[in-house]
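start_4.cif (mmCIF, C-alpha atoms; chains and numbers go by the auth columns) appears below.
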data_start
#
loop_
_atom_site.group_PDB
_atom_site.id
_atom_site.type_symbol
_atom_site.label_atom_id
_atom_site.label_comp_id
_atom_site.label_asym_id
_atom_site.label_seq_id
_atom_site.Cartn_x
_atom_site.Cartn_y
_atom_site.Cartn_z
_atom_site.B_iso_or_equiv
_atom_site.auth_seq_id
_atom_site.auth_asym_id
ATOM 1 C CA MET A 1 -28.236 -21.156 42.838 0.00 1 J
ATOM 2 C CA THR A 2 -28.646 -18.040 40.722 0.00 2 J
ATOM 3 C CA ARG A 3 -28.826 -14.539 42.067 0.00 3 J
ATOM 4 C CA SER A 4 -30.501 -11.626 40.333 0.00 4 J
ATOM 5 C CA ARG A 5 -29.255 -8.124 40.910 0.00 5 J
ATOM 6 C CA LYS A 6 -31.142 -5.018 39.883 0.00 6 J
ATOM 7 C CA LYS A 7 -29.003 -2.979 37.539 0.00 7 J
ATOM 8 C CA GLU A 8 -28.765 0.691 38.414 0.00 8 J
ATOM 9 C CA ILE A 9 -29.650 3.069 35.608 0.00 9 J
ATOM 10 C CA PHE A 10 -26.550 4.883 34.406 0.00 10 J
ATOM 11 C CA MET A 11 -26.452 8.671 34.594 0.00 11 J
ATOM 12 C CA PRO A 12 -23.328 10.705 33.804 0.00 12 J
ATOM 13 C CA GLU A 13 -22.064 12.825 36.666 0.00 13 J
ATOM 14 C CA ASN A 14 -23.575 16.337 36.695 0.00 14 J
ATOM 15 C CA HIS A 15 -25.906 15.409 33.820 0.00 15 J
ATOM 16 C CA MET A 16 -28.645 17.893 34.827 0.00 16 J
ATOM 17 C CA GLU A 17 -26.196 20.479 36.147 0.00 17 J
ATOM 18 C CA LYS A 18 -24.810 20.812 32.623 0.00 18 J
ATOM 19 C CA LEU A 19 -28.311 21.506 31.288 0.00 19 J
ATOM 20 C CA TYR A 20 -29.153 24.100 33.937 0.00 20 J
ATOM 21 C CA ARG A 21 -25.832 25.840 33.215 0.00 21 J
ATOM 22 C CA SER A 22 -25.778 25.166 29.465 0.00 22 J
ATOM 23 C CA ALA A 23 -23.902 27.551 27.192 0.00 23 J
ATOM 24 C CA ASN A 24 -26.914 27.363 24.880 0.00 24 J
ATOM 25 C CA PRO A 25 -29.309 30.071 26.143 0.00 25 J
ATOM 26 C CA LEU A 26 -32.467 28.251 24.979 0.00 26 J
ATOM 27 C CA VAL A 27 -31.512 24.983 26.703 0.00 27 J
ATOM 28 C CA LYS A 28 -30.525 26.839 29.877 0.00 28 J
ATOM 29 C CA TYR A 29 -33.692 28.950 29.924 0.00 29 J
ATOM 30 C CA ALA A 30 -36.060 26.046 29.217 0.00 30 J
ATOM 31 C CA HIS A 31 -34.754 23.878 32.063 0.00 31 J
ATOM 32 C CA ASN A 32 -34.515 26.699 34.607 0.00 32 J
ATOM 33 C CA ASN A 33 -37.942 28.026 33.650 0.00 33 J
ATOM 34 C CA ARG A 34 -39.421 24.599 34.399 0.00 34 J
ATOM 35 C CA LEU A 35 -38.025 24.634 37.940 0.00 35 J
ATOM 36 C CA ASP A 36 -39.120 28.236 38.467 0.00 36 J
ATOM 37 C CA SER A 37 -42.633 27.383 37.261 0.00 37 J
ATOM 38 C CA ILE A 38 -42.899 24.500 39.753 0.00 38 J
ATOM 39 C CA VAL A 39 -41.743 26.774 42.571 0.00 39 J
ATOM 40 C CA ASP A 40 -44.363 29.310 41.469 0.00 40 J
ATOM 41 C CA LYS A 41 -47.134 26.676 41.652 0.00 41 J
ATOM 42 C CA PHE A 42 -45.961 25.343 45.003 0.00 42 J
ATOM 43 C CA PRO A 43 -48.442 25.757 47.894 0.00 43 J
ATOM 44 C CA SER A 44 -47.819 28.715 50.204 0.00 44 J
ATOM 45 C CA HIS A 45 -48.354 26.725 53.424 0.00 45 J
ATOM 46 C CA ILE A 46 -45.266 25.863 55.476 0.00 46 J
ATOM 47 C CA ASN A 47 -44.274 22.768 57.436 0.00 47 J
ATOM 48 C CA LEU A 48 -45.408 20.458 54.658 0.00 48 J
ATOM 49 C CA LYS A 49 -44.110 17.000 53.815 0.00 49 J
ATOM 50 C CA VAL A 50 -42.909 17.179 50.228 0.00 50 J
ATOM 51 C CA LEU A 51 -41.713 14.387 47.931 0.00 51 J
ATOM 52 C CA ASP A 52 -39.649 14.990 44.811 0.00 52 J
ATOM 53 C CA ALA A 53 -40.241 11.708 42.964 0.00 53 J
ATOM 54 C CA GLY A 54 -37.223 11.321 40.716 0.00 54 J
ATOM 55 C CA CYS A 55 -35.265 14.093 42.419 0.00 55 J
ATOM 56 C CA GLY A 56 -32.114 13.667 40.360 0.00 56 J
ATOM 57 C CA GLU A 57 -29.309 15.940 41.505 0.00 57 J
ATOM 58 C CA GLY A 58 -31.547 17.928 43.874 0.00 58 J
ATOM 59 C CA HIS A 59 -31.924 21.152 41.914 0.00 59 J
ATOM 60 C CA LEU A 60 -35.655 21.442 42.579 0.00 60 J
ATOM 61 C CA ILE A 61 -35.395 20.739 46.308 0.00 61 J
ATOM 62 C CA GLU A 62 -32.577 23.283 46.508 0.00 62 J
ATOM 63 C CA ARG A 63 -34.886 25.975 45.101 0.00 63 J
ATOM 64 C CA LEU A 64 -38.004 24.966 46.987 0.00 64 J
ATOM 65 C CA LYS A 65 -36.365 25.067 50.399 0.00 65 J
ATOM 66 C CA ILE A 66 -35.445 28.725 49.817 0.00 66 J
ATOM 67 C CA LYS A 67 -39.126 29.614 49.317 0.00 67 J
ATOM 68 C CA ASN A 68 -40.826 27.307 51.768 0.00 68 J
ATOM 69 C CA LYS A 69 -39.837 25.895 55.164 0.00 69 J
ATOM 70 C CA SER A 70 -40.976 22.309 54.911 0.00 70 J
ATOM 71 C CA THR A 71 -39.620 18.773 55.189 0.00 71 J
ATOM 72 C CA TYR A 72 -38.290 17.615 51.840 0.00 72 J
ATOM 73 C CA TYR A 73 -37.923 14.023 50.711 0.00 73 J
ATOM 74 C CA GLY A 74 -36.305 12.863 47.496 0.00 74 J
ATOM 75 C CA ILE A 75 -36.149 9.500 45.796 0.00 75 J
ATOM 76 C CA ASP A 76 -34.152 8.556 42.719 0.00 76 J
ATOM 77 C CA ILE A 77 -32.882 5.338 41.211 0.00 77 J
ATOM 78 C CA THR A 78 -29.417 6.697 40.425 0.00 78 J
ATOM 79 C CA GLY A 79 -26.924 6.799 43.257 0.00 79 J
ATOM 80 C CA ILE A 80 -24.583 9.286 41.594 0.00 80 J
ATOM 81 C CA ALA A 81 -27.434 11.798 41.316 0.00 81 J
ATOM 82 C CA LEU A 82 -28.371 11.367 44.977 0.00 82 J
ATOM 83 C CA GLN A 83 -24.799 12.137 46.006 0.00 83 J
ATOM 84 C CA LYS A 84 -25.126 15.515 44.286 0.00 84 J
ATOM 85 C CA ALA A 85 -28.595 16.048 45.785 0.00 85 J
ATOM 86 C CA LYS A 86 -27.231 15.469 49.274 0.00 86 J
ATOM 87 C CA ALA A 87 -24.642 18.179 48.720 0.00 87 J
ATOM 88 C CA LYS A 88 -27.284 20.652 47.507 0.00 88 J
ATOM 89 C CA ALA A 89 -29.853 19.853 50.192 0.00 89 J
ATOM 90 C CA PRO A 90 -28.128 18.161 53.153 0.00 90 J
ATOM 91 C CA GLU A 91 -31.231 18.477 55.329 0.00 91 J
ATOM 92 C CA ALA A 92 -33.436 16.591 52.829 0.00 92 J
ATOM 93 C CA ILE A 93 -34.341 12.947 53.435 0.00 93 J
ATOM 94 C CA LEU A 94 -33.042 11.131 50.374 0.00 94 J
ATOM 95 C CA THR A 95 -33.641 7.530 49.348 0.00 95 J
ATOM 96 C CA ILE A 96 -32.399 5.424 46.477 0.00 96 J
ATOM 97 C CA GLY A 97 -35.303 3.566 44.922 0.00 97 J
ATOM 98 C CA ASP A 98 -37.909 3.194 42.214 0.00 98 J
ATOM 99 C CA ILE A 99 -40.880 5.573 42.144 0.00 99 J
ATOM 100 C CA SER A 100 -43.107 2.726 40.999 0.00 100 J
ATOM 101 C CA ASN A 101 -42.596 1.185 44.454 0.00 101 J
ATOM 102 C CA LEU A 102 -42.400 4.087 46.914 0.00 102 J
ATOM 103 C CA PRO A 103 -41.185 3.136 50.426 0.00 103 J
ATOM 104 C CA PHE A 104 -43.612 5.459 52.214 0.00 104 J
ATOM 105 C CA GLU A 105 -46.908 5.056 54.053 0.00 105 J
ATOM 106 C CA SER A 106 -50.161 5.872 52.291 0.00 106 J
ATOM 107 C CA GLU A 107 -51.308 9.493 52.549 0.00 107 J
ATOM 108 C CA PHE A 108 -47.930 10.593 53.940 0.00 108 J
ATOM 109 C CA PHE A 109 -47.155 13.663 51.781 0.00 109 J
ATOM 110 C CA ASP A 110 -48.850 17.038 51.400 0.00 110 J
ATOM 111 C CA VAL A 111 -47.170 17.617 48.044 0.00 111 J
ATOM 112 C CA VAL A 112 -45.735 15.180 45.491 0.00 112 J
ATOM 113 C CA ILE A 113 -43.748 16.482 42.518 0.00 113 J
ATOM 114 C CA CYS A 114 -42.640 14.457 39.519 0.00 114 J
ATOM 115 C CA THR A 115 -40.811 16.526 36.930 0.00 115 J
ATOM 116 C CA GLU A 116 -39.559 15.111 33.624 0.00 116 J
ATOM 117 C CA VAL A 117 -39.495 11.553 34.948 0.00 117 J
ATOM 118 C CA LEU A 118 -42.486 9.597 33.643 0.00 118 J
ATOM 119 C CA GLU A 119 -41.202 9.662 30.071 0.00 119 J
ATOM 120 C CA HIS A 120 -38.210 7.592 31.241 0.00 120 J
ATOM 121 C CA ILE A 121 -39.982 4.619 32.851 0.00 121 J
ATOM 122 C CA PRO A 122 -41.959 1.804 31.213 0.00 122 J
ATOM 123 C CA ASN A 123 -44.144 1.222 34.301 0.00 123 J
ATOM 124 C CA TYR A 124 -45.357 4.830 34.458 0.00 124 J
ATOM 125 C CA GLU A 125 -48.940 3.794 35.314 0.00 125 J
ATOM 126 C CA LYS A 126 -47.753 2.044 38.481 0.00 126 J
ATOM 127 C CA ALA A 127 -45.614 5.067 39.358 0.00 127 J
ATOM 128 C CA ILE A 128 -48.645 7.355 39.044 0.00 128 J
ATOM 129 C CA GLY A 129 -50.626 4.994 41.257 0.00 129 J
ATOM 130 C CA GLU A 130 -47.884 5.065 43.875 0.00 130 J
ATOM 131 C CA MET A 131 -47.726 8.862 43.878 0.00 131 J
ATOM 132 C CA LYS A 132 -51.476 9.040 44.378 0.00 132 J
ATOM 133 C CA ARG A 133 -51.247 6.486 47.178 0.00 133 J
ATOM 134 C CA VAL A 134 -48.704 8.426 49.222 0.00 134 J
ATOM 135 C CA LEU A 135 -50.473 11.769 48.672 0.00 135 J
ATOM 136 C CA LYS A 136 -52.728 13.009 51.467 0.00 136 J
ATOM 137 C CA LYS A 137 -56.358 13.891 50.868 0.00 137 J
ATOM 138 C CA LYS A 138 -56.505 17.503 49.671 0.00 138 J
ATOM 139 C CA GLY A 139 -52.833 17.159 48.758 0.00 139 J
ATOM 140 C CA THR A 140 -51.183 18.580 45.638 0.00 140 J
ATOM 141 C CA LEU A 141 -49.595 16.560 42.834 0.00 141 J
ATOM 142 C CA ILE A 142 -47.433 18.422 40.305 0.00 142 J
ATOM 143 C CA ILE A 143 -46.259 16.687 37.127 0.00 143 J
ATOM 144 C CA THR A 144 -44.232 18.030 34.224 0.00 144 J
ATOM 145 C CA PHE A 145 -43.551 16.208 30.978 0.00 145 J
ATOM 146 C CA PRO A 146 -41.788 17.075 27.703 0.00 146 J
ATOM 147 C CA ASN A 147 -43.358 17.542 24.298 0.00 147 J
ATOM 148 C CA GLU A 148 -41.303 14.813 22.639 0.00 148 J
ATOM 149 C CA ILE A 149 -42.039 15.966 19.076 0.00 149 J
ATOM 150 C CA LEU A 150 -40.897 19.540 19.641 0.00 150 J
ATOM 151 C CA TRP A 151 -37.886 18.490 21.735 0.00 151 J
ATOM 152 C CA THR A 152 -36.791 16.197 18.899 0.00 152 J
ATOM 153 C CA ILE A 153 -37.159 19.006 16.345 0.00 153 J
ATOM 154 C CA SER A 154 -35.322 21.426 18.643 0.00 154 J
ATOM 155 C CA ARG A 155 -32.441 19.006 19.225 0.00 155 J
ATOM 156 C CA PHE A 156 -32.119 18.538 15.460 0.00 156 J
ATOM 157 C CA LEU A 157 -32.057 22.287 14.794 0.00 157 J
ATOM 158 C CA LEU A 158 -29.544 22.835 17.592 0.00 158 J
ATOM 159 C CA GLY A 159 -27.297 20.048 16.320 0.00 159 J
ATOM 160 C CA ARG A 160 -27.624 17.961 19.507 0.00 160 J
ATOM 161 C CA HIS A 161 -26.974 14.215 19.284 0.00 161 J
ATOM 162 C CA PRO A 162 -28.692 11.880 19.429 0.00 162 J
ATOM 163 C CA VAL A 163 -31.604 13.807 17.942 0.00 163 J
ATOM 164 C CA ARG A 164 -34.144 11.703 19.856 0.00 164 J
ATOM 165 C CA VAL A 165 -33.467 11.377 23.563 0.00 165 J
ATOM 166 C CA PRO A 166 -32.739 7.620 23.763 0.00 166 J
ATOM 167 C CA ASP A 167 -34.094 6.993 27.273 0.00 167 J
ATOM 168 C CA HIS A 168 -37.454 8.674 26.648 0.00 168 J
ATOM 169 C CA VAL A 169 -39.747 5.697 26.148 0.00 169 J
ATOM 170 C CA ASN A 170 -43.140 7.403 26.609 0.00 170 J
ATOM 171 C CA PHE A 171 -44.985 10.334 25.080 0.00 171 J
ATOM 172 C CA PHE A 172 -47.561 12.380 26.995 0.00 172 J
ATOM 173 C CA THR A 173 -50.043 15.177 26.431 0.00 173 J
ATOM 174 C CA PHE A 174 -52.186 17.102 28.911 0.00 174 J
ATOM 175 C CA THR A 175 -55.192 14.969 27.993 0.00 175 J
ATOM 176 C CA ARG A 176 -53.331 11.720 28.464 0.00 176 J
ATOM 177 C CA ILE A 177 -51.759 12.717 31.781 0.00 177 J
ATOM 178 C CA ALA A 178 -55.129 13.935 33.122 0.00 178 J
ATOM 179 C CA ARG A 179 -56.759 10.646 32.137 0.00 179 J
ATOM 180 C CA LEU A 180 -53.991 8.555 33.713 0.00 180 J
ATOM 181 C CA VAL A 181 -53.924 10.467 37.005 0.00 181 J
ATOM 182 C CA ASN A 182 -57.702 10.778 37.214 0.00 182 J
ATOM 183 C CA LEU A 183 -57.731 13.514 39.862 0.00 183 J
ATOM 184 C CA PRO A 184 -59.236 17.011 39.657 0.00 184 J
ATOM 185 C CA VAL A 185 -56.995 19.328 37.615 0.00 185 J
ATOM 186 C CA ALA A 186 -56.171 22.544 39.474 0.00 186 J
ATOM 187 C CA ALA A 187 -53.970 24.210 36.854 0.00 187 J
ATOM 188 C CA LYS A 188 -52.218 23.663 33.543 0.00 188 J
ATOM 189 C CA ARG A 189 -49.345 25.557 31.995 0.00 189 J
ATOM 190 C CA CYS A 190 -47.278 25.188 28.847 0.00 190 J
ATOM 191 C CA LEU A 191 -43.527 25.766 29.189 0.00 191 J
ATOM 192 C CA PRO A 192 -41.371 27.707 28.784 0.00 192 J
ATOM 193 C CA PHE A 193 -43.861 30.173 27.256 0.00 193 J
ATOM 194 C CA CYS A 194 -47.649 30.194 27.315 0.00 194 J
ATOM 195 C CA PHE A 195 -47.951 28.892 23.764 0.00 195 J
ATOM 196 C CA PRO A 196 -50.252 26.013 22.748 0.00 196 J
ATOM 197 C CA PHE A 197 -48.770 22.634 23.708 0.00 197 J
ATOM 198 C CA ALA A 198 -48.075 21.765 20.065 0.00 198 J
ATOM 199 C CA ILE A 199 -45.388 24.476 20.026 0.00 199 J
ATOM 200 C CA SER A 200 -44.310 24.212 23.689 0.00 200 J
ATOM 201 C CA LEU A 201 -41.337 22.252 24.984 0.00 201 J
ATOM 202 C CA SER A 202 -43.046 20.954 28.124 0.00 202 J
ATOM 203 C CA GLY A 203 -46.284 20.864 30.054 0.00 203 J
ATOM 204 C CA LEU A 204 -46.955 21.410 33.761 0.00 204 J
ATOM 205 C CA ILE A 205 -50.148 20.105 35.336 0.00 205 J
ATOM 206 C CA THR A 206 -51.285 20.426 38.944 0.00 206 J
ATOM 207 C CA PHE A 207 -53.800 18.066 40.541 0.00 207 J
ATOM 208 C CA LYS A 208 -55.680 18.206 43.850 0.00 208 J
ATOM 209 C CA LYS A 209 -56.580 14.945 45.543 0.00 209 J
#
In structure tokens, write the structure found in this file.
Amino acid sequence: MTRSRKKEIFMPENHMEKLYRSANPLVKYAHNNRLDSIVDKFPSHINLKVLDAGCGEGHLIERLKIKNKSTYYGIDITGIALQKAKAKAPEAILTIGDISNLPFESEFFDVVICTEVLEHIPNYEKAIGEMKRVLKKKGTLIITFPNEILWTISRFLLGRHPVRVPDHVNFFTFTRIARLVNLPVAAKRCLPFCFPFAISLSGLITFKK
């Protein structure tokens, strides 16, 4: 009898923490600006059910809970990241799992956030479908995604190796994300500055169900 075991994706300890506290001012600003921009777009209502899909080390939940009293859930496929998330947000409900198969009831969340995650997973279409499924009617979906071309150029100019992020397997634009999600677009923003997407590092798009 053979047994199959799902292999956990490897993530170095404090991988994102090093980016948010990077000695390089551009790297540090770009990553922190993304989190600040999500917090800025977050609904003002309280007592919401909020899912951070691909929560990593919990940096976003840590910031959101300062602004808004709500119930925060996080899911990530890497156990080492969830250990850090638990330390940052001990009151959050954290689950190890795959966002393409969310272990939540349909229409459970008021807000679903997925930041810099979809570029990592081959089954991104299923993940988008799952996020839409668990989002309540009139709920808010916030997605951010990198501009792979500009990030690659930036990493080359900054001398970062490898030049191309090896676990980024997808490339997105505002048009492509909007077509895949197929929900009304409430807002769009290029990050970290309001330049055209061609010369921006990331994009943030907000949908209403």
Near region 88-99 of chain J, counting all atoms listed in the file, which residues have an atom at most 6 Å away, once you skip same-chain residues fewer than 5 positions from it, shown as a VMD selection string? chain J and resid 62 72 to 77 127
Using only C-alpha atoms, I'd like a table of the residues in region 128-179 of chain J that come within 12 Å of region 23-41 of chain J; for each, show the closest atom pair and its distance in Å rounded to one decimal, ordered by chain and ascending number, as JSON lines.
{"residue": "J:Thr140", "atom": "CA", "partner": "J:Lys41", "partner_atom": "CA", "distance": 9.9}
{"residue": "J:Leu141", "atom": "CA", "partner": "J:Lys41", "partner_atom": "CA", "distance": 10.5}
{"residue": "J:Ile142", "atom": "CA", "partner": "J:Ile38", "partner_atom": "CA", "distance": 7.6}
{"residue": "J:Ile143", "atom": "CA", "partner": "J:Ile38", "partner_atom": "CA", "distance": 8.9}
{"residue": "J:Thr144", "atom": "CA", "partner": "J:Arg34", "partner_atom": "CA", "distance": 8.1}
{"residue": "J:Phe145", "atom": "CA", "partner": "J:Arg34", "partner_atom": "CA", "distance": 10.0}
{"residue": "J:Pro146", "atom": "CA", "partner": "J:Arg34", "partner_atom": "CA", "distance": 10.3}
{"residue": "J:Trp151", "atom": "CA", "partner": "J:Val27", "partner_atom": "CA", "distance": 10.4}
{"residue": "J:Ser154", "atom": "CA", "partner": "J:Val27", "partner_atom": "CA", "distance": 9.6}
{"residue": "J:Arg155", "atom": "CA", "partner": "J:Val27", "partner_atom": "CA", "distance": 9.6}
{"residue": "J:Leu157", "atom": "CA", "partner": "J:Leu26", "partner_atom": "CA", "distance": 11.8}
{"residue": "J:Leu158", "atom": "CA", "partner": "J:Asn24", "partner_atom": "CA", "distance": 9.0}
{"residue": "J:Gly159", "atom": "CA", "partner": "J:Asn24", "partner_atom": "CA", "distance": 11.3}
{"residue": "J:Arg160", "atom": "CA", "partner": "J:Val27", "partner_atom": "CA", "distance": 10.8}
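When only C-alpha atoms are used to measure the gap to Asn147 (chain J), the shortest distance among J:Ile199, J:Cys194, J:Ile80, J:Leu118 belongs to J:Ile199.
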List the residues selected by the PyMOL selection byres ((chain J and resi 132) around 9) in the file shown, writing them as an MDAnalysis selection string. chainID J and resid 106:107 112 127:131 133:136 141 181 183 209
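Separating CA of Phe207 (chain J) from CA of Gly54 (chain J) is a distance of 17.9 Å.
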Provide the CA of Leu51 (chain J) to CA of Lys126 (chain J) distance in Å, to one decimal place. 16.7 Å
Which distance in Å separates CA of Pro122 (chain J) and CA of Arg179 (chain J), to one decimal? 17.3 Å
Missing atoms in region 174-188 of chain J should be modelled up to N, CA and C atoms and reported as a short mmCIF file (atom, residue, chain, number, x, y, z; two decimals), in the coordinates of the input.
data_model
loop_
_atom_site.label_atom_id
_atom_site.label_comp_id
_atom_site.auth_asym_id
_atom_site.auth_seq_id
_atom_site.Cartn_x
_atom_site.Cartn_y
_atom_site.Cartn_z
N PHE J 174 -51.36 16.74 27.76
CA PHE J 174 -52.19 17.10 28.91
C PHE J 174 -53.37 16.16 29.07
N THR J 175 -54.01 15.84 27.95
CA THR J 175 -55.19 14.97 27.99
C THR J 175 -54.83 13.59 28.51
N ARG J 176 -53.72 13.06 28.05
CA ARG J 176 -53.33 11.72 28.46
C ARG J 176 -52.93 11.69 29.93
N ILE J 177 -52.16 12.67 30.37
CA ILE J 177 -51.76 12.72 31.78
C ILE J 177 -52.98 12.86 32.68
N ALA J 178 -53.92 13.73 32.31
CA ALA J 178 -55.13 13.94 33.12
C ALA J 178 -55.93 12.66 33.23
N ARG J 179 -56.01 11.90 32.13
CA ARG J 179 -56.76 10.65 32.14
C ARG J 179 -56.05 9.60 33.00
N LEU J 180 -54.74 9.54 32.93
CA LEU J 180 -53.99 8.56 33.71
C LEU J 180 -54.05 8.85 35.21
N VAL J 181 -53.92 10.10 35.59
CA VAL J 181 -53.92 10.47 37.01
C VAL J 181 -55.33 10.40 37.58
N ASN J 182 -56.30 10.88 36.81
CA ASN J 182 -57.70 10.78 37.21
C ASN J 182 -57.97 11.44 38.57
N LEU J 183 -57.44 12.66 38.72
CA LEU J 183 -57.73 13.51 39.86
C LEU J 183 -58.16 14.88 39.32
N PRO J 184 -58.85 15.68 40.13
CA PRO J 184 -59.24 17.01 39.66
C PRO J 184 -58.02 17.86 39.27
N VAL J 185 -58.08 18.48 38.10
CA VAL J 185 -57.00 19.33 37.62
C VAL J 185 -57.17 20.73 38.18
N ALA J 186 -56.12 21.21 38.87
CA ALA J 186 -56.17 22.54 39.47
C ALA J 186 -55.60 23.61 38.55
N ALA J 187 -54.60 23.23 37.74
CA ALA J 187 -53.97 24.21 36.85
C ALA J 187 -53.18 23.48 35.77
N LYS J 188 -53.05 24.16 34.64
CA LYS J 188 -52.22 23.66 33.54
C LYS J 188 -51.40 24.83 32.99
#
